[in-house]
>>> print(open('coords19.cif').read())   # mmCIF, C-alpha atoms
data_run
#
loop_
_atom_site.label_atom_id
_atom_site.label_comp_id
_atom_site.auth_asym_id
_atom_site.auth_seq_id
_atom_site.Cartn_x
_atom_site.Cartn_y
_atom_site.Cartn_z
CA ALA A 1 0.40 -23.02 16.55
CA GLU A 2 1.02 -25.18 13.48
CA THR A 3 -0.84 -22.67 11.30
CA ARG A 4 1.36 -19.84 12.59
CA LYS A 5 4.47 -21.89 11.88
CA GLY A 6 3.26 -22.54 8.34
CA ARG A 7 2.46 -18.87 7.71
CA ARG A 8 5.88 -17.77 8.91
CA ALA A 9 7.55 -20.44 6.77
CA ARG A 10 5.72 -19.13 3.69
CA ALA A 11 6.74 -15.57 4.48
CA ALA A 12 10.36 -16.66 4.91
CA LYS A 13 10.19 -18.17 1.41
CA GLY A 14 8.99 -14.82 0.06
CA LEU A 15 5.40 -15.97 -0.52
CA HIS A 16 2.23 -14.11 0.42
CA ASN A 17 -0.19 -15.34 3.08
CA GLY A 18 -3.91 -14.96 2.56
CA THR A 19 -5.71 -13.27 -0.33
CA PRO A 20 -3.74 -11.09 -2.77
CA PRO A 21 -3.43 -7.42 -1.79
CA LEU A 22 -4.56 -4.65 -4.12
CA GLY A 23 -2.24 -4.61 -7.12
CA TYR A 24 -1.68 -8.37 -7.37
CA CYS A 25 -3.48 -11.49 -8.56
CA TYR A 26 -2.81 -15.19 -9.20
CA GLY A 27 -2.37 -14.81 -12.96
CA THR A 28 -4.87 -17.56 -13.75
CA CYS A 29 -6.78 -15.46 -16.29
CA SER A 30 -8.71 -18.29 -17.96
CA SER A 31 -10.35 -19.31 -14.66
CA CYS A 32 -10.12 -15.98 -12.83
CA GLU A 33 -12.23 -15.54 -9.69
CA ASP A 34 -10.63 -12.26 -8.61
CA PRO A 35 -13.18 -9.62 -7.51
CA ASN A 36 -11.59 -7.30 -10.07
CA GLY A 37 -11.62 -9.84 -12.87
CA GLU A 38 -14.68 -10.15 -15.11
CA GLY A 39 -15.86 -6.84 -16.50
CA TYR A 40 -12.84 -4.97 -15.15
CA CYS A 41 -9.54 -6.63 -16.03
CA PRO A 42 -8.63 -6.70 -19.76
CA SER A 43 -6.86 -10.05 -19.26
CA PHE A 44 -9.96 -11.82 -17.92
CA GLY A 45 -10.65 -15.01 -19.87
CA ALA A 46 -7.32 -14.88 -21.72
CA SER A 47 -4.51 -17.42 -21.48
CA ASP A 48 -3.09 -17.93 -18.02
CA ARG A 49 -0.01 -15.86 -17.29
CA GLN A 50 1.19 -18.63 -15.03
CA ASP A 51 0.09 -22.05 -13.83
CA TYR A 52 -0.34 -20.85 -10.27
CA SER A 53 0.30 -23.04 -7.24
CA SER A 54 0.86 -22.23 -3.57
CA SER A 55 4.62 -22.30 -4.16
CA GLN A 56 4.55 -19.51 -6.75
CA PRO A 57 4.50 -15.73 -6.23
CA LEU A 58 1.64 -13.41 -7.12
CA LEU A 59 1.68 -11.41 -10.38
CA LEU A 60 0.88 -7.76 -11.00
CA HIS A 61 -2.81 -7.11 -11.67
CA PRO A 62 -3.02 -5.26 -15.03
CA ILE A 63 -5.09 -2.38 -13.61
CA GLU A 64 -4.84 -2.44 -9.83
CA HIS A 65 -1.08 -1.92 -9.71
CA LYS A 66 -1.59 1.43 -11.45
CA ALA A 67 -3.65 2.63 -8.47
CA VAL A 68 -0.83 1.66 -6.10
CA GLU A 69 1.74 3.48 -8.25
CA LEU A 70 -0.38 6.65 -8.31
CA ALA A 71 -1.04 6.59 -4.56
CA PHE A 72 2.67 6.42 -3.71
CA ARG A 73 3.61 8.99 -6.36
CA TRP A 74 1.10 11.52 -5.04
CA HIS A 75 1.91 10.89 -1.37
CA ALA A 76 5.65 11.29 -1.97
CA THR A 77 5.06 14.90 -3.04
CA ALA A 78 3.92 15.75 0.54
CA ARG A 79 1.01 17.68 -0.99
CA TYR A 80 -1.80 15.18 -0.42
CA SER A 81 -3.31 13.50 2.63
CA ASP A 82 -4.77 9.98 2.62
CA GLY A 83 -8.22 11.47 2.06
CA ASP A 84 -6.97 13.64 -0.81
CA ILE A 85 -5.40 10.62 -2.51
CA ALA A 86 -8.60 8.60 -2.07
CA GLU A 87 -10.56 11.34 -3.84
CA ARG A 88 -8.03 11.57 -6.66
CA LEU A 89 -8.07 7.78 -7.17
CA ASN A 90 -11.87 7.75 -7.25
CA GLU A 91 -11.86 10.47 -9.92
CA TYR A 92 -9.00 9.04 -11.96
CA VAL A 93 -9.78 7.42 -15.32
CA LEU A 94 -7.20 4.96 -16.66
CA THR A 95 -6.92 4.61 -20.43
CA LEU A 96 -6.02 1.07 -21.54
CA PRO A 97 -3.87 0.26 -24.61
CA ASP A 98 -7.02 -0.47 -26.66
CA GLY A 99 -8.45 2.95 -25.81
CA ALA A 100 -10.97 1.70 -23.26
CA GLU A 101 -11.37 3.79 -20.10
CA VAL A 102 -11.57 2.30 -16.60
CA HIS A 103 -12.36 3.89 -13.24
CA LEU A 104 -10.01 2.62 -10.53
CA ARG A 105 -11.53 0.82 -7.55
CA THR A 106 -10.57 -1.22 -4.51
CA LYS A 107 -10.35 -5.00 -4.62
CA GLY A 108 -12.94 -5.48 -1.91
CA ARG A 109 -12.71 -8.48 0.39
CA TRP A 110 -12.93 -11.94 -1.11
CA GLY A 111 -16.33 -13.39 -0.21
CA ARG A 112 -17.09 -10.48 2.17
CA GLY A 113 -17.43 -7.29 0.16
CA SER A 114 -17.54 -6.05 -3.41
CA PRO A 115 -14.96 -3.73 -5.00
CA GLY A 116 -15.78 -0.08 -4.47
CA ARG A 117 -14.50 3.43 -3.87
CA PHE A 118 -11.26 4.26 -2.11
CA SER A 119 -11.38 5.76 1.38
CA LYS A 120 -8.70 7.39 3.50
CA ASP A 121 -8.45 4.15 5.50
CA THR A 122 -7.78 1.95 2.47
CA VAL A 123 -5.20 4.45 1.22
CA ARG A 124 -3.51 4.63 4.63
CA ASP A 125 -3.16 0.84 4.84
CA LEU A 126 -1.96 0.65 1.22
CA LEU A 127 0.78 3.25 1.76
CA GLN A 128 2.18 1.43 4.81
CA ASN A 129 2.36 -2.05 3.26
CA PRO A 130 6.00 -3.11 2.58
CA TYR A 131 4.71 -5.82 0.24
CA TYR A 132 4.73 -3.16 -2.50
CA ILE A 133 8.54 -2.86 -2.35
CA GLY A 134 9.03 -6.59 -2.80
CA LYS A 135 9.09 -7.57 0.88
CA VAL A 136 6.84 -10.03 2.74
CA PRO A 137 5.99 -9.02 6.32
CA TYR A 138 5.14 -11.55 9.00
CA TYR A 139 3.00 -9.97 11.71
CA GLY A 140 2.42 -12.81 14.12
CA ARG A 141 0.27 -12.26 17.23
CA ASN A 142 0.44 -10.09 20.32
CA GLU A 143 0.51 -11.54 23.82
CA ASP A 144 -3.30 -11.40 23.87
CA GLY A 145 -3.51 -13.42 20.67
CA GLN A 146 -4.54 -10.51 18.44
CA ARG A 147 -2.87 -9.92 15.08
CA ARG A 148 -0.30 -7.13 15.21
CA LYS A 149 -1.20 -3.85 13.54
CA ARG A 150 0.17 -2.60 10.23
CA GLY A 151 3.88 -1.74 10.48
CA ASN A 152 4.36 -3.67 13.72
CA TYR A 153 5.57 -6.88 12.11
CA VAL A 154 7.81 -9.52 13.65
CA ALA A 155 9.94 -10.06 10.56
CA LEU A 156 10.34 -8.78 7.00
CA TYR A 157 11.53 -11.18 4.30
CA PRO A 158 12.61 -10.68 0.66
CA GLY A 159 9.67 -11.58 -1.57
CA GLN A 160 9.57 -13.52 -4.83
CA HIS A 161 7.01 -11.13 -6.36
CA GLU A 162 7.68 -8.07 -8.50
CA PRO A 163 7.63 -4.80 -6.51
CA ILE A 164 5.37 -1.94 -7.56
CA VAL A 165 7.33 0.92 -5.98
CA ASP A 166 11.02 1.39 -5.18
CA GLU A 167 12.31 1.52 -1.61
CA GLU A 168 13.36 5.16 -1.90
CA THR A 169 9.79 6.24 -2.70
CA PHE A 170 8.37 4.00 0.04
CA ASP A 171 10.79 5.34 2.67
CA ARG A 172 10.06 8.92 1.64
CA SER A 173 6.34 8.24 2.01
CA GLN A 174 6.88 6.88 5.54
CA ARG A 175 8.94 9.94 6.53
CA ILE A 176 6.26 12.27 5.19
CA ARG A 177 3.57 10.38 7.12
CA SER A 178 5.57 10.77 10.31
CA LEU A 179 6.11 14.49 9.71
CA MET A 180 2.46 15.16 8.85
CA SER A 181 1.22 13.27 11.90
CA HIS A 182 3.27 15.54 14.20
CA ASN A 183 2.95 18.76 12.21
CA PRO A 184 0.85 21.48 13.91
CA ARG A 185 -2.34 22.73 12.28
CA SER A 186 -3.34 26.32 11.71
CA ARG A 187 -6.55 27.94 12.95
CA ASP A 188 -8.27 26.87 9.74
CA ASP A 189 -7.33 23.24 10.45
CA VAL A 190 -4.92 23.23 7.51
CA LEU A 191 -1.56 21.49 7.79
CA GLU A 192 1.28 23.96 8.14
CA ARG A 193 3.99 23.87 5.52
CA ILE A 194 6.55 21.05 5.72
CA TYR A 195 10.01 22.53 5.19
CA VAL A 196 13.04 20.82 3.64
CA LEU A 197 14.65 20.18 7.04
CA SER A 198 11.43 19.46 8.96
CA GLY A 199 12.09 16.75 11.52
CA ILE A 200 15.83 16.81 10.81
CA LEU A 201 17.24 20.13 12.04
CA ARG A 202 17.87 20.23 15.82
CA CYS A 203 19.22 22.78 18.28
CA GLY A 204 22.93 22.25 18.91
CA TYR A 205 22.50 23.34 22.55
CA CYS A 206 19.46 21.46 23.86
CA GLY A 207 18.92 18.89 21.08
CA GLU A 208 15.25 19.77 20.59
CA PRO A 209 13.75 19.96 17.04
CA MET A 210 13.93 23.37 15.40
CA ARG A 211 10.62 24.85 14.31
CA ALA A 212 10.12 27.17 11.33
CA GLN A 213 7.93 30.23 11.82
CA SER A 214 7.22 32.09 8.56
#
>>> encode(input="coords19.cif", output="C-alpha coordinates")
Amino acid sequence: AETRKGRRARAAKGLHNGTPPLGYCYGTCSSCEDPNGEGYCPSFGASDRQDYSSSQPLLLHPIEHKAVELAFRWHATARYSDGDIAERLNEYVLTLPDGAEVHLRTKGRWGRGSPGRFSKDTVRDLLQNPYYIGKVPYYGRNEDGQRRKRGNYVALYPGQHEPIVDEETFDRSQRIRSLMSHNPRSRDDVLERIYVLSGILRCGYCGEPMRAQS
(Lines of atoms letter the chains of each structure in order from A and count residues from 1; the text may use other names and numbers.)
(Lines give C-alpha, C1' and ligand atoms only; values in the text may rest on other atoms or scores of the structure.)
Protein backbone atom coordinates (compact mmCIF):
# COMPACT_ATOMS: atom_id res chain seq x y z
CA ALA A 1 0.00 0.00 0.00
CA GLU A 2 2.83 2.40 0.83
CA THR A 3 4.56 1.55 -2.45
CA ARG A 4 1.39 2.34 -4.40
CA LYS A 5 1.06 5.65 -2.58
CA GLY A 6 4.65 6.51 -3.45
CA ARG A 7 4.21 5.60 -7.11
CA ARG A 8 1.09 7.73 -7.42
CA ALA A 9 2.84 10.64 -5.68
CA ARG A 10 5.69 10.45 -8.22
CA ALA A 11 3.24 10.37 -11.11
CA ALA A 12 1.41 13.39 -9.68
CA LYS A 13 4.75 15.25 -9.68
CA GLY A 14 5.19 14.41 -13.36
CA LEU A 15 7.93 11.83 -12.78
CA HIS A 16 8.19 8.38 -14.34
CA ASN A 17 7.86 5.17 -12.35
CA GLY A 18 10.07 2.21 -13.16
CA THR A 19 12.61 1.90 -15.96
CA PRO A 20 12.66 4.48 -18.78
CA PRO A 21 10.39 3.68 -21.74
CA LEU A 22 11.77 3.49 -25.28
CA GLY A 23 12.85 6.98 -26.32
CA TYR A 24 14.12 8.14 -22.93
CA CYS A 25 17.12 7.69 -20.65
CA TYR A 26 18.62 9.13 -17.46
CA GLY A 27 21.14 11.36 -19.25
CA THR A 28 24.06 10.05 -17.20
CA CYS A 29 26.25 9.40 -20.25
CA SER A 30 29.58 9.03 -18.44
CA SER A 31 28.28 6.12 -16.33
CA CYS A 32 25.53 4.89 -18.65
CA GLU A 33 24.06 1.44 -17.99
CA ASP A 34 21.19 1.76 -20.46
CA PRO A 35 20.71 -1.37 -22.64
CA ASN A 36 21.00 0.94 -25.65
CA GLY A 37 24.09 2.71 -24.42
CA GLU A 38 27.53 1.29 -25.21
CA GLY A 39 28.01 0.49 -28.88
CA TYR A 40 24.70 2.10 -29.86
CA CYS A 41 24.26 5.60 -28.45
CA PRO A 42 26.68 8.26 -29.78
CA SER A 43 26.59 10.02 -26.39
CA PHE A 44 27.83 6.97 -24.45
CA GLY A 45 30.86 7.85 -22.33
CA ALA A 46 30.50 11.60 -22.94
CA SER A 47 29.77 14.24 -20.32
CA ASP A 48 26.55 13.78 -18.40
CA ARG A 49 23.62 15.71 -19.81
CA GLN A 50 22.27 16.00 -16.29
CA ASP A 51 23.17 14.97 -12.76
CA TYR A 52 20.22 12.62 -12.51
CA SER A 53 18.36 11.96 -9.27
CA SER A 54 14.95 10.46 -8.54
CA SER A 55 13.46 13.97 -8.44
CA GLN A 56 14.46 14.80 -12.02
CA PRO A 57 12.71 13.92 -15.29
CA LEU A 58 14.04 11.60 -17.97
CA LEU A 59 15.79 12.98 -21.07
CA LEU A 60 15.35 12.06 -24.72
CA HIS A 61 17.56 9.17 -25.84
CA PRO A 62 19.57 10.42 -28.86
CA ILE A 63 18.52 7.50 -31.10
CA GLU A 64 15.49 5.81 -29.55
CA HIS A 65 13.24 8.86 -29.72
CA LYS A 66 13.61 8.81 -33.51
CA ALA A 67 11.96 5.36 -33.60
CA VAL A 68 9.02 6.71 -31.58
CA GLU A 69 8.66 9.71 -33.91
CA LEU A 70 8.66 7.46 -36.99
CA ALA A 71 6.14 5.01 -35.52
CA PHE A 72 3.61 7.75 -34.78
CA ARG A 73 4.21 9.51 -38.10
CA TRP A 74 3.58 6.32 -40.08
CA HIS A 75 0.57 5.25 -38.02
CA ALA A 76 -1.07 8.67 -38.36
CA THR A 77 -1.27 8.17 -42.13
CA ALA A 78 -3.73 5.26 -41.59
CA ARG A 79 -1.74 3.27 -44.16
CA TYR A 80 0.21 0.97 -41.85
CA SER A 81 -0.73 -1.60 -39.22
CA ASP A 82 1.33 -2.30 -36.09
CA GLY A 83 3.03 -5.17 -37.92
CA ASP A 84 3.78 -2.98 -40.94
CA ILE A 85 5.38 -0.34 -38.73
CA ALA A 86 7.45 -2.98 -36.92
CA GLU A 87 8.83 -4.15 -40.27
CA ARG A 88 9.59 -0.61 -41.40
CA LEU A 89 11.39 0.18 -38.13
CA ASN A 90 13.46 -3.00 -38.40
CA GLU A 91 14.51 -2.05 -41.93
CA TYR A 92 15.11 1.64 -41.21
CA VAL A 93 18.68 2.91 -41.08
CA LEU A 94 19.27 6.16 -39.17
CA THR A 95 22.15 8.35 -40.30
CA LEU A 96 23.83 10.21 -37.42
CA PRO A 97 25.36 13.71 -37.73
CA ASP A 98 28.85 12.19 -38.08
CA GLY A 99 27.70 10.03 -40.98
CA ALA A 100 27.51 6.79 -39.02
CA GLU A 101 24.53 4.53 -39.74
CA VAL A 102 22.49 2.81 -37.01
CA HIS A 103 19.73 0.20 -37.22
CA LEU A 104 16.89 1.01 -34.83
CA ARG A 105 16.04 -1.51 -32.12
CA THR A 106 13.95 -1.93 -28.99
CA LYS A 107 15.31 -1.12 -25.55
CA GLY A 108 14.76 -4.62 -24.23
CA ARG A 109 13.97 -5.13 -20.56
CA TRP A 110 16.51 -4.04 -18.00
CA GLY A 111 18.12 -7.17 -16.55
CA ARG A 112 15.63 -9.45 -18.35
CA GLY A 113 16.18 -9.20 -22.08
CA SER A 114 18.53 -7.68 -24.62
CA PRO A 115 17.55 -5.03 -27.19
CA GLY A 116 16.23 -6.54 -30.40
CA ARG A 117 13.82 -6.29 -33.29
CA PHE A 118 10.46 -4.55 -33.14
CA SER A 119 7.29 -6.65 -33.16
CA LYS A 120 3.66 -5.70 -33.65
CA ASP A 121 3.18 -6.01 -29.87
CA THR A 122 5.96 -3.58 -28.98
CA VAL A 123 4.66 -1.13 -31.59
CA ARG A 124 1.08 -1.45 -30.31
CA ASP A 125 2.13 -0.68 -26.73
CA LEU A 126 4.35 2.19 -27.88
CA LEU A 127 1.55 3.85 -29.86
CA GLN A 128 -0.85 3.78 -26.90
CA ASN A 129 1.51 5.24 -24.30
CA PRO A 130 0.52 8.83 -23.34
CA TYR A 131 3.99 9.33 -21.86
CA TYR A 132 5.11 10.33 -25.36
CA ILE A 133 2.89 13.45 -25.31
CA GLY A 134 4.35 14.65 -22.03
CA LYS A 135 1.84 12.98 -19.69
CA VAL A 136 2.49 10.51 -16.87
CA PRO A 137 -0.19 7.81 -16.46
CA TYR A 138 -0.87 6.13 -13.15
CA TYR A 139 -2.41 2.69 -13.69
CA GLY A 140 -2.93 1.40 -10.19
CA ARG A 141 -4.39 -2.08 -9.62
CA ASN A 142 -7.66 -3.82 -10.39
CA GLU A 143 -9.85 -5.32 -7.69
CA ASP A 144 -7.95 -8.60 -8.07
CA GLY A 145 -4.63 -6.85 -7.48
CA GLN A 146 -3.44 -7.03 -11.10
CA ARG A 147 -1.95 -4.00 -12.83
CA ARG A 148 -4.42 -2.31 -15.16
CA LYS A 149 -3.87 -2.72 -18.89
CA ARG A 150 -2.50 -0.07 -21.24
CA GLY A 151 -4.95 2.83 -21.67
CA ASN A 152 -6.99 1.88 -18.60
CA TYR A 153 -5.20 4.21 -16.19
CA VAL A 154 -6.59 5.73 -13.00
CA ALA A 155 -5.14 9.19 -13.57
CA LEU A 156 -3.07 11.13 -16.10
CA TYR A 157 -0.74 13.87 -14.87
CA PRO A 158 1.31 16.55 -16.67
CA GLY A 159 4.90 15.32 -16.92
CA GLN A 160 8.16 17.18 -16.42
CA HIS A 161 9.81 15.42 -19.39
CA GLU A 162 9.98 16.62 -22.99
CA PRO A 163 7.28 15.08 -25.22
CA ILE A 164 8.22 13.26 -28.42
CA VAL A 165 4.93 13.69 -30.28
CA ASP A 166 2.21 16.34 -30.14
CA GLU A 167 -1.27 15.61 -28.79
CA GLU A 168 -2.92 16.10 -32.17
CA THR A 169 -0.84 13.31 -33.72
CA PHE A 170 -1.37 11.06 -30.69
CA ASP A 171 -5.16 11.58 -30.73
CA ARG A 172 -5.30 10.94 -34.47
CA SER A 173 -3.38 7.70 -33.96
CA GLN A 174 -5.89 6.57 -31.30
CA ARG A 175 -8.84 7.36 -33.58
CA ILE A 176 -7.26 5.42 -36.42
CA ARG A 177 -6.64 2.44 -34.12
CA SER A 178 -10.29 2.46 -33.10
CA LEU A 179 -11.47 2.66 -36.71
CA MET A 180 -9.15 -0.10 -37.91
CA SER A 181 -10.15 -2.41 -35.07
CA HIS A 182 -13.82 -2.18 -36.12
CA ASN A 183 -13.31 -1.93 -39.87
CA PRO A 184 -14.51 -4.98 -41.85
CA ARG A 185 -12.04 -7.05 -43.86
CA SER A 186 -12.40 -8.16 -47.45
CA ARG A 187 -12.26 -11.75 -48.68
CA ASP A 188 -8.50 -11.42 -49.07
CA ASP A 189 -8.21 -10.44 -45.39
CA VAL A 190 -7.21 -6.90 -46.37
CA LEU A 191 -8.55 -3.93 -44.42
CA GLU A 192 -11.20 -2.07 -46.35
CA ARG A 193 -10.58 1.57 -47.10
CA ILE A 194 -11.04 4.07 -44.26
CA TYR A 195 -12.98 7.06 -45.58
CA VAL A 196 -12.76 10.67 -44.40
CA LEU A 197 -15.98 10.41 -42.37
CA SER A 198 -15.51 6.81 -41.20
CA GLY A 199 -16.82 6.49 -37.66
CA ILE A 200 -18.25 10.01 -37.73
CA LEU A 201 -21.16 10.08 -40.20
CA ARG A 202 -24.44 8.69 -38.77
CA CYS A 203 -27.97 8.21 -40.06
CA GLY A 204 -30.21 11.12 -39.07
CA TYR A 205 -33.17 8.75 -38.68
CA CYS A 206 -31.90 5.78 -36.66
CA GLY A 207 -28.54 7.12 -35.42
CA GLU A 208 -26.56 4.12 -36.67
CA PRO A 209 -23.12 4.62 -38.34
CA MET A 210 -23.20 5.09 -42.10
CA ARG A 211 -21.17 2.60 -44.12
CA ALA A 212 -19.47 3.34 -47.44
CA GLN A 213 -19.82 0.77 -50.22
CA SER A 214 -17.62 1.54 -53.24
>>> closest_residue(input="coords19.cif", among="A:Gly116, A:Gly207, A:Gly140, A:Gly134", to="A:Tyr157", atoms="all atoms listed in the file")
A:Gly134
>>> closest_residue(input="coords19.cif", among="A:Lys120, A:Lys135, A:Arg105, A:Arg141", to="A:Leu15", atoms="all atoms listed in the file")
A:Lys135
>>> closest_residue(input="coords19.cif", among="A:Tyr195, A:Phe44, A:Leu156, A:Gly39", to="A:Tyr139", atoms="all atoms listed in the file")
A:Leu156
>>> resolve_selection(input="coords19.cif", expression="the PyMOL selection byres ((chain A and resi 48-50) around 6)", output="ChimeraX atom specification")
/A:27-30,47,51-52
>>> residues_around(input="coords19.cif", residues="A:Leu89", least_positions_apart="6", cutoff="9 Å", atoms="all atoms listed in the file", output="PyMOL selection string")
chain A and resi 67+70-71+103-105+117-118
>>> write_last_selection(input="coords19.cif", atoms="C-alpha atoms", output="CSV table (one decimal), in the coordinates of the input")
chain,number,residue,atom,x,y,z
A,67,ALA,CA,-3.6,2.6,-8.5
A,70,LEU,CA,-0.4,6.6,-8.3
A,71,ALA,CA,-1.0,6.6,-4.6
A,103,HIS,CA,-12.4,3.9,-13.2
A,104,LEU,CA,-10.0,2.6,-10.5
A,105,ARG,CA,-11.5,0.8,-7.6
A,117,ARG,CA,-14.5,3.4,-3.9
A,118,PHE,CA,-11.3,4.3,-2.1
>>> residues_around(input="coords19.cif", residues="A:Leu96", least_positions_apart="6", cutoff="10 Å", atoms="only C-alpha atoms", output="mmCIF file with C-alpha atoms, in the frame of the given file")
data_model
loop_
_atom_site.group_PDB
_atom_site.id
_atom_site.type_symbol
_atom_site.label_atom_id
_atom_site.label_comp_id
_atom_site.auth_asym_id
_atom_site.auth_seq_id
_atom_site.Cartn_x
_atom_site.Cartn_y
_atom_site.Cartn_z
ATOM 1 C CA PRO A 42 -8.630 -6.700 -19.760
ATOM 2 C CA PRO A 62 -3.020 -5.260 -15.030
ATOM 3 C CA ILE A 63 -5.090 -2.380 -13.610
ATOM 4 C CA VAL A 102 -11.570 2.300 -16.600
#
